[in-house]
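S.K.: Structure incoming, see below.
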Amino acid sequence: AINCGAISENLIESELFGHKRGAFTGAISDKEGYLKAADGGTLFLDEISEMPLQLQVKLLRVLQEKEITPVGTTFSIPVNVRFLASTNRNLVEEVQQGRFREDLYYRINVIEINIPSLKNRKDDLPFLIDHFINKYRTQLNKDIKGIDKNALRALMNYEWKGEVRELENIIERAAIFAKGEYLTITELPVYLQSTKEICIPEKAGSLDDFVKKVEKEFILRALETHEYDKEKVAKVLNLGLSTLYRKIKEYDIEA
């Protein structure tokens, strides 16, 4: 596996194709590239959209001719490699913008597998959460049995712009702070705690009292989310700054 976005543009050709000793400054010995190392197996090109255009041309030749030319040499070496590639970008748009070669796109796009965003496959969330809880229960040596319904509801209602990596990080964080057998909403990041549903008790009192309680909770969550930056909170809540200060004083909210 090679991450095309994690290697500098100056080194990625050498990493893929290998090089001969003395081919460039710092090449103190021969180096076998990933393509030769993967001969007879599979090479996974992660984030292929990050590959420089001039290298895309050379990769296209490898796919077509099934041979490579190491940097600093004039001879070709045959290779038999199966290619897998991934990207989080729309390659059709990248081609239209001139950032990805059209001929390479059509050459690699033999079998395409689209993985939907996590926000569009919410049914997978309980299984993924359970998987990560099992993982970090073992790593952290904690007696965690699962996640409570309020925390699960918060995770189910979230948009997941960071996809599965974000989910794993959140479960790891919650497991670190967990004090009981079940992960709770208080162990989730503040921006997720604010998504919890309002529970109306049987004896809720007057409507005015209940509205004030909800408003206080809403303002408090907004302040916590934006690290008590009152100007930012006033803008987010569409309140005048003086009105926000008045409500903070009224509800006795402490910074």
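The chains in the structure tokens are called A, B, ... from first to last as shown; in each chain the residues are counted from 1, and the ligands are counted from 1 in the order shown.
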Would you give me, as a count of residues only, the residues in range 159-235 of chain A that DSSP reads as alpha helix (DSSP H)?
M.R.: 44
S.K.: Report as a PyMOL selection string all protein, DNA and RNA residues lying within 12 Å of Tyr245 in chain A, evaluated on only C-alpha atoms, omitting residues in the same chain fewer than 2 positions from it.
M.R.: chain A and resi 219+223+228-231+233-234+239-243+247-255
S.K.: Could you take the residues named above and write them with C-alpha atoms, as an mmCIF file, in the first residue's frame?
M.R.:
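Output below, filename again27.cif:
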data_model
loop_
_atom_site.group_PDB
_atom_site.id
_atom_site.type_symbol
_atom_site.label_atom_id
_atom_site.label_comp_id
_atom_site.auth_asym_id
_atom_site.auth_seq_id
_atom_site.Cartn_x
_atom_site.Cartn_y
_atom_site.Cartn_z
ATOM 1 C CA ILE A 219 -27.441 28.727 25.350
ATOM 2 C CA LEU A 223 -21.300 28.583 24.786
ATOM 3 C CA TYR A 228 -17.516 30.864 25.551
ATOM 4 C CA ASP A 229 -16.811 33.256 22.669
ATOM 5 C CA LYS A 230 -19.932 35.354 23.300
ATOM 6 C CA GLU A 231 -19.729 37.371 20.073
ATOM 7 C CA VAL A 233 -22.427 32.579 20.059
ATOM 8 C CA ALA A 234 -24.621 35.654 19.649
ATOM 9 C CA LEU A 239 -29.189 37.213 19.141
ATOM 10 C CA GLY A 240 -27.998 40.699 19.932
ATOM 11 C CA LEU A 241 -24.858 40.619 22.074
ATOM 12 C CA SER A 242 -26.573 42.613 24.838
ATOM 13 C CA THR A 243 -29.497 40.158 24.771
ATOM 14 C CA LYS A 247 -29.850 35.914 29.349
ATOM 15 C CA ILE A 248 -26.506 34.672 30.716
ATOM 16 C CA LYS A 249 -27.087 36.832 33.782
ATOM 17 C CA GLU A 250 -30.753 35.828 34.026
ATOM 18 C CA TYR A 251 -29.966 32.118 33.913
ATOM 19 C CA ASP A 252 -26.892 32.477 36.139
ATOM 20 C CA ILE A 253 -24.610 30.802 33.571
ATOM 21 C CA GLU A 254 -20.993 30.860 34.675
ATOM 22 C CA ALA A 255 -18.069 30.919 32.224
#
S.K.: Might you pull out every residue within 6 Å of Glu67 in chain A, with only C-alpha atoms counted and same-chain residues fewer than 2 positions away left off, and present them as a ChimeraX atom specification?
M.R.: /A:62,65,77-79
S.K.: Next, write the just-selected residues to a file, as a PDB file, in the first residue's frame, keeping all heavy atoms as the atom set.
M.R.:
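What ended up in out06.pdb:
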ATOM      1  N   VAL A  62       2.786   1.902 -17.310  1.00  0.00           N
ATOM      2  CA  VAL A  62       2.912   0.642 -16.566  1.00  0.00           C
ATOM      3  C   VAL A  62       1.672  -0.216 -16.766  1.00  0.00           C
ATOM      4  O   VAL A  62       1.755  -1.423 -16.998  1.00  0.00           O
ATOM      5  CB  VAL A  62       3.120   0.919 -15.065  1.00  0.00           C
ATOM      6  CG1 VAL A  62       3.132  -0.389 -14.269  1.00  0.00           C
ATOM      7  CG2 VAL A  62       4.423   1.669 -14.838  1.00  0.00           C
ATOM      8  N   GLU A  65       1.792  -1.312 -20.666  1.00  0.00           N
ATOM      9  CA  GLU A  65       2.905  -2.147 -21.128  1.00  0.00           C
ATOM     10  C   GLU A  65       3.328  -3.214 -20.122  1.00  0.00           C
ATOM     11  O   GLU A  65       4.094  -4.118 -20.455  1.00  0.00           O
ATOM     12  CB  GLU A  65       4.114  -1.262 -21.456  1.00  0.00           C
ATOM     13  CG  GLU A  65       3.815  -0.125 -22.433  1.00  0.00           C
ATOM     14  CD  GLU A  65       3.354  -0.622 -23.784  1.00  0.00           C
ATOM     15  OE1 GLU A  65       3.752  -1.750 -24.169  1.00  0.00           O
ATOM     16  OE2 GLU A  65       2.607   0.109 -24.476  1.00  0.00           O
ATOM     17  N   ILE A  77      11.834  -3.213 -16.834  1.00  0.00           N
ATOM     18  CA  ILE A  77      11.679  -4.451 -16.077  1.00  0.00           C
ATOM     19  C   ILE A  77      10.210  -4.869 -16.139  1.00  0.00           C
ATOM     20  O   ILE A  77       9.326  -4.079 -15.811  1.00  0.00           O
ATOM     21  CB  ILE A  77      12.078  -4.248 -14.603  1.00  0.00           C
ATOM     22  CG1 ILE A  77      13.516  -3.762 -14.490  1.00  0.00           C
ATOM     23  CG2 ILE A  77      11.876  -5.534 -13.803  1.00  0.00           C
ATOM     24  CD1 ILE A  77      13.913  -3.367 -13.084  1.00  0.00           C
ATOM     25  N   PRO A  78       9.920  -6.093 -16.579  1.00  0.00           N
ATOM     26  CA  PRO A  78       8.515  -6.526 -16.628  1.00  0.00           C
ATOM     27  C   PRO A  78       7.955  -6.739 -15.223  1.00  0.00           C
ATOM     28  O   PRO A  78       8.656  -7.239 -14.327  1.00  0.00           O
ATOM     29  CB  PRO A  78       8.584  -7.838 -17.414  1.00  0.00           C
ATOM     30  CG  PRO A  78       9.981  -8.335 -17.202  1.00  0.00           C
ATOM     31  CD  PRO A  78      10.845  -7.117 -17.088  1.00  0.00           C
ATOM     32  N   VAL A  79       6.721  -6.356 -15.016  1.00  0.00           N
ATOM     33  CA  VAL A  79       6.051  -6.582 -13.730  1.00  0.00           C
ATOM     34  C   VAL A  79       4.632  -7.076 -13.973  1.00  0.00           C
ATOM     35  O   VAL A  79       3.991  -6.705 -14.961  1.00  0.00           O
ATOM     36  CB  VAL A  79       6.001  -5.298 -12.867  1.00  0.00           C
ATOM     37  CG1 VAL A  79       7.378  -4.921 -12.354  1.00  0.00           C
ATOM     38  CG2 VAL A  79       5.374  -4.139 -13.623  1.00  0.00           C
TER      39      VAL A  79
END
S.K.: Write out as a tab-separated table (two decimals) with N, CA, C and O atoms, in the first residue's frame all residues of range 15-172 of chain A that DSSP puts in strand (DSSP E) for this structure's backbone.
M.R.:
chain	number	residue	atom	x	y	z
A	42	THR	N	-0.47	-7.45	-5.34
A	42	THR	CA	-1.38	-6.31	-5.49
A	42	THR	C	-0.75	-5.05	-4.94
A	42	THR	O	-0.15	-5.07	-3.86
A	43	LEU	N	-0.90	-3.94	-5.66
A	43	LEU	CA	-0.46	-2.63	-5.19
A	43	LEU	C	-1.69	-1.77	-4.97
A	43	LEU	O	-2.49	-1.58	-5.88
A	44	PHE	N	-1.83	-1.24	-3.75
A	44	PHE	CA	-2.96	-0.37	-3.42
A	44	PHE	C	-2.49	1.07	-3.44
A	44	PHE	O	-1.64	1.47	-2.65
A	45	LEU	N	-3.02	1.86	-4.36
A	45	LEU	CA	-2.69	3.28	-4.49
A	45	LEU	C	-3.77	4.09	-3.78
A	45	LEU	O	-4.83	4.38	-4.35
A	46	ASP	N	-3.50	4.44	-2.54
A	46	ASP	CA	-4.46	5.20	-1.74
A	46	ASP	C	-4.39	6.68	-2.15
A	46	ASP	O	-3.31	7.22	-2.34
A	67	GLU	N	5.40	-2.92	-17.61
A	67	GLU	CA	6.83	-2.84	-17.36
A	67	GLU	C	7.16	-1.49	-16.75
A	67	GLU	O	6.41	-0.52	-16.92
A	68	ILE	N	8.28	-1.45	-16.02
A	68	ILE	CA	8.71	-0.21	-15.36
A	68	ILE	C	10.15	0.11	-15.72
A	68	ILE	O	10.92	-0.77	-16.09
A	77	ILE	N	11.83	-3.21	-16.83
A	77	ILE	CA	11.68	-4.45	-16.08
A	77	ILE	C	10.21	-4.87	-16.14
A	77	ILE	O	9.33	-4.08	-15.81
A	78	PRO	N	9.92	-6.09	-16.58
A	78	PRO	CA	8.51	-6.53	-16.63
A	78	PRO	C	7.95	-6.74	-15.22
A	78	PRO	O	8.66	-7.24	-14.33
A	82	ARG	N	-1.44	-6.42	-9.84
A	82	ARG	CA	-2.86	-6.06	-9.83
A	82	ARG	C	-2.99	-4.73	-9.08
A	82	ARG	O	-2.42	-4.57	-8.00
A	83	PHE	N	-3.73	-3.80	-9.66
A	83	PHE	CA	-3.84	-2.45	-9.07
A	83	PHE	C	-5.21	-2.24	-8.43
A	83	PHE	O	-6.24	-2.54	-9.02
A	84	LEU	N	-5.16	-1.71	-7.21
A	84	LEU	CA	-6.35	-1.17	-6.55
A	84	LEU	C	-6.07	0.29	-6.27
A	84	LEU	O	-4.95	0.66	-5.92
A	85	ALA	N	-7.08	1.14	-6.43
A	85	ALA	CA	-6.89	2.57	-6.18
A	85	ALA	C	-8.10	3.11	-5.43
A	85	ALA	O	-9.22	2.62	-5.60
A	146	GLY	N	-20.83	-1.62	26.46
A	146	GLY	CA	-21.54	-1.07	25.31
A	146	GLY	C	-21.74	0.43	25.45
A	146	GLY	O	-20.96	1.11	26.10
A	147	ILE	N	-22.82	0.91	24.84
A	147	ILE	CA	-23.12	2.35	24.82
A	147	ILE	C	-24.58	2.56	25.21
A	147	ILE	O	-25.45	1.76	24.82
S.K.: When you draw a straight line from CA of Ser29 in chain A to CA of Leu53 in chain A, how long is it in Å?
M.R.: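 Spanning CA of Ser29 in chain A to CA of Leu53 in chain A is a straight-line distance of 27.1 Å.
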S.K.: Give me the residues near Glu163 in chain A as JSON, numbers by chain, where near means some atom within 8 Å (using only C-alpha atoms) and where sequence neighbours in that chain fewer than 4 positions away do not count.
M.R.: {"A": [117, 118, 119, 167]}
S.K.: Fewer than 2 positions away in the same chain doesn't count, so skip those; otherwise give me all residues within 7 Å of Ser49 in chain A, counting only C-alpha atoms, as a PyMOL selection string.
M.R.: chain A and resi 47+51+87+100
S.K.: Produce a file of the selected residues containing N, CA, C and O atoms, as a short mmCIF file (atom, residue, chain, number, x, y, z; two decimals), in the first residue's frame.
M.R.:
data_model
loop_
_atom_site.label_atom_id
_atom_site.label_comp_id
_atom_site.auth_asym_id
_atom_site.auth_seq_id
_atom_site.Cartn_x
_atom_site.Cartn_y
_atom_site.Cartn_z
N GLU A 47 -5.56 7.32 -2.28
CA GLU A 47 -5.64 8.73 -2.68
C GLU A 47 -4.92 8.96 -4.01
O GLU A 47 -4.07 9.84 -4.13
N MET A 51 -1.83 12.07 -6.97
CA MET A 51 -0.63 11.77 -7.74
C MET A 51 -0.33 12.87 -8.75
O MET A 51 -1.23 13.32 -9.48
N THR A 87 -9.95 6.94 -3.80
CA THR A 87 -9.95 8.40 -3.76
C THR A 87 -11.20 8.87 -3.04
O THR A 87 -12.24 8.20 -3.07
N PHE A 100 -6.58 15.56 -13.24
CA PHE A 100 -6.36 14.12 -13.37
C PHE A 100 -6.49 13.75 -14.84
O PHE A 100 -7.40 14.22 -15.52
#
S.K.: Quick one: distance from CA of Asn80 in chain A to CA of Ile48 in chain A in Å, one decimal?
M.R.: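 Between these atoms lies a distance of 19.5 Å.
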S.K.: So that I can see what lies close to Lys145 in chain A, please list as number ranges by chain the residues with an atom at most 10 Å from it, counting only C-alpha atoms and leaving out residues fewer than 3 positions away in the same chain.
M.R.: A: 130, 133-134, 137, 142, 148, 180-183
S.K.: Next, write the just-selected residues to a file, as a PDB file, in the first residue's frame, keeping N, CA and C atoms as the atom set.
M.R.:
ATOM      1  N   ASP A 130     -20.030  -0.895  17.941  1.00  0.00           N
ATOM      2  CA  ASP A 130     -19.737  -2.100  18.716  1.00  0.00           C
ATOM      3  C   ASP A 130     -18.330  -2.614  18.411  1.00  0.00           C
ATOM      4  N   ILE A 133     -15.817  -0.283  20.131  1.00  0.00           N
ATOM      5  CA  ILE A 133     -15.859  -0.485  21.581  1.00  0.00           C
ATOM      6  C   ILE A 133     -15.067  -1.744  21.950  1.00  0.00           C
ATOM      7  N   ASN A 134     -15.267  -2.813  21.197  1.00  0.00           N
ATOM      8  CA  ASN A 134     -14.516  -4.049  21.451  1.00  0.00           C
ATOM      9  C   ASN A 134     -13.020  -3.822  21.283  1.00  0.00           C
ATOM     10  N   ARG A 137     -11.851  -1.500  24.224  1.00  0.00           N
ATOM     11  CA  ARG A 137     -11.996  -2.199  25.505  1.00  0.00           C
ATOM     12  C   ARG A 137     -10.744  -3.038  25.769  1.00  0.00           C
ATOM     13  N   LYS A 142     -10.360  -1.935  29.733  1.00  0.00           N
ATOM     14  CA  LYS A 142     -11.502  -1.407  30.484  1.00  0.00           C
ATOM     15  C   LYS A 142     -12.702  -2.331  30.338  1.00  0.00           C
ATOM     16  N   ASP A 148     -24.880   3.592  25.998  1.00  0.00           N
ATOM     17  CA  ASP A 148     -26.267   3.788  26.421  1.00  0.00           C
ATOM     18  C   ASP A 148     -27.072   4.439  25.300  1.00  0.00           C
ATOM     19  N   GLY A 180     -17.963   4.032  33.696  1.00  0.00           N
ATOM     20  CA  GLY A 180     -18.846   2.902  33.978  1.00  0.00           C
ATOM     21  C   GLY A 180     -18.774   1.838  32.902  1.00  0.00           C
ATOM     22  N   GLU A 181     -19.766   0.957  32.914  1.00  0.00           N
ATOM     23  CA  GLU A 181     -19.791  -0.149  31.962  1.00  0.00           C
ATOM     24  C   GLU A 181     -20.322   0.262  30.600  1.00  0.00           C
ATOM     25  N   TYR A 182     -20.983   1.418  30.522  1.00  0.00           N
ATOM     26  CA  TYR A 182     -21.562   1.875  29.258  1.00  0.00           C
ATOM     27  C   TYR A 182     -21.099   3.296  28.949  1.00  0.00           C
ATOM     28  N   LEU A 183     -20.760   3.537  27.685  1.00  0.00           N
ATOM     29  CA  LEU A 183     -20.386   4.879  27.267  1.00  0.00           C
ATOM     30  C   LEU A 183     -21.624   5.759  27.349  1.00  0.00           C
TER      31      LEU A 183
END
S.K.: Nearest to Glu172 in chain A among A:Val190, A:Ala154, A:Ile129, A:Val214, with distances taken over only C-alpha atoms: which residue is it?
M.R.: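 Residue with the minimum atom-to-atom distance to Glu172 in chain A: A:Ile129.
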S.K.: Nearest to Pro52 in chain A among A:Arg99, A:Thr73, A:Tyr34, A:Ser14, with distances taken over only C-alpha atoms: which residue is it?
M.R.: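 Under the stated criterion, the closest residue is A:Arg99.
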S.K.: Of the residues A:Lys36, A:Lys20, A:Lys122, A:Arg221, which is the one nearest to Glu159 in chain A, using only C-alpha atoms?
M.R.: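 With only C-alpha atoms as the atom set, the closest residue is A:Lys122.
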S.K.: Take CA of Asn109 in chain A and CA of Leu63 in chain A and report the distance between them in Å, one decimal.
M.R.: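 Going from CA of Asn109 in chain A over to CA of Leu63 in chain A covers 11.8 Å.
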